[in-house]
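See below for final10.json, which holds JSON, C-alpha atoms.
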```json
[["chain", "number", "residue", "atom", "x", "y", "z"],
["S", 1, "MET", "CA", 366.23, -69.87, 219.10],
["S", 2, "ARG", "CA", 363.97, -69.68, 216.37],
["S", 3, "SER", "CA", 362.32, -72.43, 214.66],
["S", 4, "SER", "CA", 362.57, -73.01, 210.94],
["S", 5, "TRP", "CA", 358.94, -72.45, 210.65],
["S", 6, "THR", "CA", 359.26, -69.00, 212.02],
["S", 7, "ILE", "CA", 362.05, -68.21, 209.60],
["S", 8, "ILE", "CA", 360.04, -69.51, 206.70],
["S", 9, "GLU", "CA", 357.01, -67.54, 207.82],
["S", 10, "SER", "CA", 358.96, -64.33, 208.14],
["S", 11, "ARG", "CA", 360.54, -64.94, 204.76],
["S", 12, "GLN", "CA", 357.14, -65.62, 203.26],
["S", 13, "ARG", "CA", 355.81, -62.49, 204.84],
["S", 14, "ARG", "CA", 358.61, -60.45, 203.30],
["S", 15, "ILE", "CA", 358.03, -61.99, 199.90],
["S", 16, "ALA", "CA", 354.29, -61.42, 200.21],
["S", 17, "ALA", "CA", 354.88, -57.81, 201.22],
["S", 18, "ALA", "CA", 357.30, -57.32, 198.29],
["S", 19, "CYS", "CA", 354.75, -58.86, 195.91],
["S", 20, "LEU", "CA", 352.06, -56.66, 197.34],
["S", 21, "VAL", "CA", 354.20, -53.53, 196.91],
["S", 22, "ALA", "CA", 355.18, -54.57, 193.37],
["S", 23, "GLY", "CA", 351.56, -55.30, 192.54],
["S", 24, "LEU", "CA", 350.48, -51.93, 193.81],
["S", 25, "MET", "CA", 353.16, -50.25, 191.74],
["S", 26, "LEU", "CA", 352.33, -52.11, 188.56],
["S", 27, "ALA", "CA", 348.53, -51.83, 188.91],
["S", 28, "PRO", "CA", 348.27, -48.27, 187.49],
["S", 29, "CYS", "CA", 350.24, -49.36, 184.44],
["S", 30, "ALA", "CA", 347.86, -52.20, 183.84],
["S", 31, "TRP", "CA", 344.86, -49.94, 184.31],
["S", 32, "ALA", "CA", 346.36, -47.41, 181.90],
["S", 33, "GLN", "CA", 346.71, -50.12, 179.31],
["S", 34, "ASP", "CA", 343.12, -51.13, 179.83],
["S", 35, "ALA", "CA", 341.93, -47.46, 179.54],
["S", 36, "ALA", "CA", 343.48, -46.94, 176.07],
["S", 37, "PRO", "CA", 340.84, -45.95, 173.52],
["S", 38, "PRO", "CA", 339.70, -48.60, 171.20],
["S", 39, "PRO", "CA", 341.09, -48.29, 167.69],
["S", 40, "ALA", "CA", 338.98, -46.14, 165.32],
["S", 41, "PRO", "CA", 336.85, -48.05, 162.95],
["S", 42, "PRO", "CA", 338.03, -47.88, 159.37],
["S", 43, "PRO", "CA", 336.45, -44.98, 157.48],
["S", 44, "GLU", "CA", 333.33, -45.91, 155.64],
["S", 45, "LYS", "CA", 333.19, -45.35, 151.95],
["S", 46, "LEU", "CA", 330.37, -42.87, 151.49],
["S", 47, "GLY", "CA", 328.28, -42.79, 148.40],
["S", 48, "VAL", "CA", 327.17, -39.80, 146.38],
["S", 49, "PHE", "CA", 323.94, -39.33, 148.32],
["S", 50, "GLU", "CA", 325.71, -39.53, 151.70],
["S", 51, "SER", "CA", 328.21, -36.87, 150.53],
["S", 52, "ILE", "CA", 325.42, -34.59, 149.32],
["S", 53, "GLY", "CA", 323.54, -35.07, 152.61],
["S", 54, "ARG", "CA", 326.68, -34.24, 154.63],
["S", 55, "TRP", "CA", 327.21, -31.14, 152.43],
["S", 56, "PHE", "CA", 323.63, -29.96, 153.15],
["S", 57, "ASP", "CA", 324.04, -30.63, 156.89],
["S", 58, "ASN", "CA", 327.30, -28.66, 157.01],
["S", 59, "GLY", "CA", 325.77, -25.81, 155.00],
["S", 60, "ALA", "CA", 322.73, -25.62, 157.28],
["S", 61, "SER", "CA", 324.98, -25.65, 160.34],
["S", 62, "ASN", "CA", 327.14, -22.84, 158.93],
["S", 63, "PHE", "CA", 324.01, -20.85, 158.01],
["S", 64, "ARG", "CA", 322.64, -21.18, 161.55],
["S", 65, "ASP", "CA", 325.99, -20.03, 162.96],
["S", 66, "HIS", "CA", 325.92, -16.97, 160.70],
["S", 67, "LEU", "CA", 322.35, -16.16, 161.74],
["S", 68, "ARG", "CA", 323.26, -16.43, 165.41],
["S", 69, "GLY", "CA", 326.25, -14.14, 164.83],
["S", 70, "ALA", "CA", 324.06, -11.62, 162.99],
["S", 71, "LYS", "CA", 321.46, -11.72, 165.77],
["S", 72, "ARG", "CA", 324.15, -11.20, 168.39],
["S", 73, "ARG", "CA", 325.53, -8.24, 166.42],
["S", 74, "MET", "CA", 322.06, -6.71, 166.03],
["S", 75, "ASP", "CA", 321.49, -7.09, 169.77],
["S", 76, "GLU", "CA", 324.80, -5.32, 170.42],
["S", 77, "LEU", "CA", 323.81, -2.52, 168.04],
["S", 78, "GLY", "CA", 320.46, -2.18, 169.80],
["S", 79, "ASP", "CA", 322.20, -1.93, 173.16],
["S", 80, "ASP", "CA", 324.59, 0.70, 171.79],
["S", 81, "ALA", "CA", 321.67, 2.67, 170.35],
["S", 82, "ALA", "CA", 319.86, 2.61, 173.67],
["S", 83, "ALA", "CA", 323.01, 3.79, 175.45],
["S", 84, "ASN", "CA", 323.42, 6.69, 173.01],
["S", 85, "ASN", "CA", 319.74, 7.64, 173.07],
["S", 86, "LYS", "CA", 320.03, 9.92, 176.09],
["S", 87, "ALA", "CA", 322.96, 11.85, 174.63],
["S", 88, "ILE", "CA", 321.08, 12.29, 171.36],
["S", 89, "SER", "CA", 317.96, 13.45, 173.19],
["S", 90, "ASP", "CA", 319.96, 16.07, 175.06],
["S", 91, "GLN", "CA", 321.56, 17.30, 171.84],
["S", 92, "ALA", "CA", 318.15, 17.40, 170.12],
["S", 93, "ALA", "CA", 316.74, 19.51, 172.95],
["S", 94, "LYS", "CA", 319.61, 21.97, 172.58],
["S", 95, "MET", "CA", 319.16, 22.07, 168.81],
["S", 96, "GLY", "CA", 315.40, 22.56, 169.24],
["S", 97, "GLN", "CA", 316.03, 25.62, 171.38],
["S", 98, "GLY", "CA", 318.47, 26.94, 168.78],
["S", 99, "ALA", "CA", 315.91, 26.29, 166.04],
["S", 100, "ALA", "CA", 313.29, 28.24, 167.99],
["S", 101, "ASP", "CA", 315.68, 31.17, 168.19],
["S", 102, "VAL", "CA", 316.39, 30.92, 164.47],
["S", 103, "GLY", "CA", 312.66, 30.67, 163.79],
["S", 104, "LYS", "CA", 312.06, 33.95, 165.61],
["S", 105, "GLY", "CA", 314.78, 35.61, 163.51],
["S", 106, "ALA", "CA", 313.28, 34.06, 160.39],
["S", 107, "ALA", "CA", 309.87, 35.52, 161.27],
["S", 108, "ASP", "CA", 311.42, 38.97, 161.52],
["S", 109, "ALA", "CA", 313.20, 38.47, 158.20],
["S", 110, "THR", "CA", 309.93, 37.29, 156.66],
["S", 111, "MET", "CA", 308.17, 40.48, 157.75],
["S", 112, "SER", "CA", 310.93, 42.56, 156.17],
["S", 113, "ALA", "CA", 310.71, 40.48, 152.99],
["S", 114, "MET", "CA", 306.93, 40.97, 152.91],
["S", 115, "ASP", "CA", 307.34, 44.72, 153.13],
["S", 116, "ALA", "CA", 309.95, 44.69, 150.36],
["S", 117, "THR", "CA", 307.69, 42.50, 148.22],
["S", 118, "LYS", "CA", 304.75, 44.83, 148.76],
["S", 119, "ASN", "CA", 306.84, 47.78, 147.63],
["S", 120, "ALA", "CA", 308.12, 45.87, 144.60],
["S", 121, "VAL", "CA", 304.61, 44.82, 143.64],
["S", 122, "GLY", "CA", 303.52, 48.43, 143.85],
["S", 123, "ALA", "CA", 306.34, 49.48, 141.55],
["S", 124, "VAL", "CA", 305.66, 46.65, 139.11],
["S", 125, "ALA", "CA", 301.94, 47.48, 139.12],
["S", 126, "LYS", "CA", 302.81, 50.95, 137.88],
["S", 127, "LEU", "CA", 305.05, 49.62, 135.10],
["S", 128, "PRO", "CA", 302.34, 48.22, 132.84],
["S", 129, "THR", "CA", 300.76, 51.67, 132.63],
["S", 130, "ALA", "CA", 304.03, 53.25, 131.53],
["S", 131, "ARG", "CA", 304.51, 53.20, 127.76],
["S", 132, "MET", "CA", 307.02, 54.56, 125.31],
["S", 133, "MET", "CA", 305.24, 56.89, 122.91],
["S", 134, "SER", "CA", 306.62, 58.29, 119.70],
["S", 135, "GLY", "CA", 305.65, 61.54, 118.11],
["S", 136, "ARG", "CA", 306.89, 65.02, 117.30],
["S", 137, "GLU", "CA", 306.38, 67.82, 119.78],
["S", 138, "ARG", "CA", 308.33, 71.04, 119.58],
["S", 139, "CYS", "CA", 310.20, 72.20, 122.71],
["S", 140, "MET", "CA", 309.45, 75.87, 123.33],
["S", 141, "ALA", "CA", 312.19, 78.25, 124.35],
["S", 142, "ALA", "CA", 312.51, 78.86, 128.07],
["S", 143, "PRO", "CA", 313.11, 82.39, 129.43],
["S", 144, "ASN", "CA", 316.87, 81.70, 129.47],
["S", 145, "GLY", "CA", 316.80, 80.73, 125.76],
["S", 146, "ALA", "CA", 317.28, 76.95, 126.25],
["S", 147, "PRO", "CA", 314.64, 74.52, 124.94],
["S", 148, "ASP", "CA", 311.95, 73.48, 127.51],
["S", 149, "CYS", "CA", 311.42, 69.78, 126.67],
["S", 150, "VAL", "CA", 309.60, 68.87, 129.93],
["S", 151, "SER", "CA", 306.42, 70.62, 128.86],
["S", 152, "ALA", "CA", 306.84, 69.17, 125.33],
["S", 153, "ALA", "CA", 307.07, 65.60, 126.72],
["S", 154, "GLU", "CA", 303.94, 66.11, 128.82],
["S", 155, "ALA", "CA", 302.13, 67.54, 125.81],
["S", 156, "LEU", "CA", 303.16, 64.48, 123.71],
["S", 157, "CYS", "CA", 301.86, 62.11, 126.41],
["S", 158, "ARG", "CA", 298.58, 64.03, 126.78],
["S", 159, "LYS", "CA", 298.02, 63.59, 123.03],
["S", 160, "HIS", "CA", 298.15, 59.81, 123.59],
["S", 161, "GLY", "CA", 295.83, 59.88, 126.63],
["S", 162, "PHE", "CA", 298.36, 59.82, 129.50],
["S", 163, "THR", "CA", 298.65, 62.38, 132.28],
["S", 164, "SER", "CA", 302.41, 62.84, 132.49],
["S", 165, "GLY", "CA", 305.64, 61.85, 130.79],
["S", 166, "LYS", "CA", 309.38, 62.29, 130.55],
["S", 167, "SER", "CA", 311.51, 63.02, 127.54],
["S", 168, "MET", "CA", 313.45, 60.00, 126.25],
["S", 169, "ASP", "CA", 314.73, 61.16, 122.85],
["S", 170, "PHE", "CA", 314.90, 64.48, 121.07],
["S", 171, "THR", "CA", 315.96, 65.83, 117.70],
["S", 172, "SER", "CA", 317.56, 69.20, 116.98],
["S", 173, "ALA", "CA", 317.45, 70.89, 113.60],
["S", 174, "GLU", "CA", 318.02, 74.28, 112.02],
["S", 175, "GLU", "CA", 314.98, 76.08, 110.74],
["S", 176, "CYS", "CA", 315.68, 78.60, 108.04],
["S", 177, "PRO", "CA", 313.33, 80.82, 106.02],
["S", 178, "VAL", "CA", 313.24, 80.47, 102.24],
["S", 179, "ARG", "CA", 315.20, 83.73, 101.85],
["S", 180, "THR", "CA", 318.15, 82.07, 103.56],
["S", 181, "LEU", "CA", 318.02, 79.18, 101.17],
["S", 182, "LEU", "CA", 318.08, 81.62, 98.27],
["S", 183, "GLY", "CA", 321.08, 83.27, 99.81],
["S", 184, "GLN", "CA", 319.41, 86.52, 100.66],
["S", 185, "SER", "CA", 319.68, 86.33, 104.49],
["S", 186, "ASN", "CA", 321.32, 84.48, 107.32],
["S", 187, "GLU", "CA", 318.40, 84.05, 109.75],
["S", 188, "CYS", "CA", 318.45, 80.30, 110.75],
["S", 189, "THR", "CA", 317.36, 79.22, 114.22],
["S", 190, "THR", "CA", 317.88, 75.89, 116.04],
["S", 191, "VAL", "CA", 314.70, 74.11, 117.06],
["S", 192, "THR", "CA", 314.37, 70.97, 119.26],
["S", 193, "PHE", "CA", 311.64, 68.36, 119.00],
["S", 194, "ILE", "CA", 310.72, 65.53, 121.37],
["S", 195, "SER", "CA", 310.57, 62.31, 119.31],
["S", 196, "ARG", "CA", 309.92, 59.78, 122.12],
["S", 197, "ALA", "CA", 308.62, 60.09, 125.69],
["S", 198, "MET", "CA", 307.92, 57.63, 128.54],
["S", 199, "CYS", "CA", 304.27, 58.25, 129.39],
["S", 200, "GLN", "CA", 302.24, 57.25, 132.48]]
```
Rewritten as structure tokens:
Amino acid sequence: MRSSWTIIESRQRRIAAACLVAGLMLAPCAWAQDAAPPPAPPPEKLGVFESIGRWFDNGASNFRDHLRGAKRRMDELGDDAAANNKAISDQAAKMGQGAADVGKGAADATMSAMDATKNAVGAVAKLPTARMMSGRERCMAAPNGAPDCVSAAEALCRKHGFTSGKSMDFTSAEECPVRTLLGQSNECTTVTFISRAMCQ
């Protein structure tokens, strides 16, 4: 048989155990209540100078952020440029070879152009000595009866001090003796005169 003290002790032990279990279960709730943040202090009323100071601080902070972003972007661009440098160098080498080939062709074209220029200069050098001369030189009749104006043009140019010339303009007219004008005969002949010649 058990004594009353034993029953009381076992009952007390059960109550103590129940209190201990309940305490352990409620302890986190109490700690959570203790861990709650303290209430925020009421906002301070800032004056004009405090507002201006905060505005400058925020502006400086934003400016620094923009500068950091710009520096980061420039660094990225530099890295990209370095990565592309090899490809560009290879392309430049290919283009340099192509330019050398073009340069060789250009040298050949230049030689041809120099020859053409030399010939043109020679022709232009002769032009200043050529002059248009006016005068009146009769074309003599050739053996076939036609007027011979080549010798007349050269004769006109020799009169002006040149060595040769070509006929540029001529005039034809009928030459009649006075008897024909009086109506006594019909003996008119056609004569040709050189009026202008290109002389050299």
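Across the model, the gap from CA of Asn84 in chain S to CA of Gln97 in chain S is 20.4 Å.
The interatomic distance for the pair CA of Met168 in chain S and CA of Cys139 in chain S works out to 13.1 Å.
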- request: Excluding Arg138 in chain S and residues on its chain fewer than 4 positions from it, collect all residues at most 8 Å away from it, counting all atoms listed in the file, and give them as JSON, numbers by chain.
  value: {"S": [149, 152, 191, 192, 193, 194]}
With C-alpha atoms retained, write the just-selected residues as a short mmCIF file (atom, residue, chain, number, x, y, z; two decimals), in the coordinates of the input.
```cif
data_model
loop_
_atom_site.label_atom_id
_atom_site.label_comp_id
_atom_site.auth_asym_id
_atom_site.auth_seq_id
_atom_site.Cartn_x
_atom_site.Cartn_y
_atom_site.Cartn_z
CA CYS S 149 311.42 69.78 126.67
CA ALA S 152 306.84 69.17 125.33
CA VAL S 191 314.70 74.11 117.06
CA THR S 192 314.37 70.97 119.26
CA PHE S 193 311.64 68.36 119.00
CA ILE S 194 310.72 65.53 121.37
#
```
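As for CA of Ala93 in chain S and CA of Arg73 in chain S, they are spaced 29.8 Å apart.
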Report as JSON the centre and the edge lengths, in Å to one decimal, of the axis-aligned box holding every listed atom of range 153-158 of chain S, padded by 6 Å on each side.
```
{"center_x": 302.8, "center_y": 64.8, "center_z": 126.3, "size_x": 20.5, "size_y": 17.4, "size_z": 17.1}
```
Local residues around (318.2, 66.5, 114.7), at most 10 Å away, using only C-alpha atoms, as a compact mmCIF listing (two decimals) with C-alpha atoms, keeping the file's coordinate frame:
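That gives us point35.txt:
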```txt
# COMPACT_ATOMS: atom_id res chain seq x y z
CA PHE S 170 314.90 64.48 121.07
CA THR S 171 315.96 65.83 117.70
CA SER S 172 317.56 69.20 116.98
CA ALA S 173 317.45 70.89 113.60
CA GLU S 174 318.02 74.28 112.02
CA THR S 190 317.88 75.89 116.04
CA VAL S 191 314.70 74.11 117.06
CA THR S 192 314.37 70.97 119.26
CA PHE S 193 311.64 68.36 119.00
CA SER S 195 310.57 62.31 119.31
```
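Distances here use only C-alpha atoms; by that measure, the residue among S:Ala16, S:Ile88, S:Cys199, S:Met95 closest to Thr163 in chain S is S:Cys199.
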Any chance you could model N, CA and C atoms for range 143-155 of chain S and send them as a short mmCIF file (atom, residue, chain, number, x, y, z; two decimals), in the coordinates of the input?
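Done, and the output landed in rebuild_13.cif:
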```cif
data_model
loop_
_atom_site.label_atom_id
_atom_site.label_comp_id
_atom_site.auth_asym_id
_atom_site.auth_seq_id
_atom_site.Cartn_x
_atom_site.Cartn_y
_atom_site.Cartn_z
N PRO S 143 312.70 80.98 129.30
CA PRO S 143 313.11 82.39 129.43
C PRO S 143 314.62 82.57 129.29
N ASN S 144 315.41 81.56 129.60
CA ASN S 144 316.87 81.70 129.47
C ASN S 144 317.34 81.39 128.05
N GLY S 145 316.44 81.00 127.15
CA GLY S 145 316.80 80.73 125.76
C GLY S 145 316.99 79.26 125.45
N ALA S 146 317.11 78.40 126.46
CA ALA S 146 317.28 76.95 126.25
C ALA S 146 315.93 76.32 125.94
N PRO S 147 315.93 75.16 125.24
CA PRO S 147 314.64 74.52 124.94
C PRO S 147 314.02 73.92 126.21
N ASP S 148 312.68 74.04 126.36
CA ASP S 148 311.95 73.48 127.51
C ASP S 148 311.26 72.20 127.04
N CYS S 149 311.95 71.05 127.18
CA CYS S 149 311.42 69.78 126.67
C CYS S 149 310.53 69.07 127.67
N VAL S 150 310.48 69.50 128.94
CA VAL S 150 309.60 68.87 129.93
C VAL S 150 308.15 69.11 129.54
N SER S 151 307.81 70.33 129.25
CA SER S 151 306.42 70.62 128.86
C SER S 151 306.10 69.97 127.52
N ALA S 152 307.08 69.82 126.62
CA ALA S 152 306.84 69.17 125.33
C ALA S 152 306.56 67.68 125.53
N ALA S 153 307.30 67.03 126.45
CA ALA S 153 307.07 65.60 126.72
C ALA S 153 305.69 65.39 127.31
N GLU S 154 305.27 66.24 128.23
CA GLU S 154 303.94 66.11 128.82
C GLU S 154 302.86 66.35 127.77
N ALA S 155 303.10 67.28 126.88
CA ALA S 155 302.13 67.54 125.81
C ALA S 155 302.03 66.34 124.88
#
```
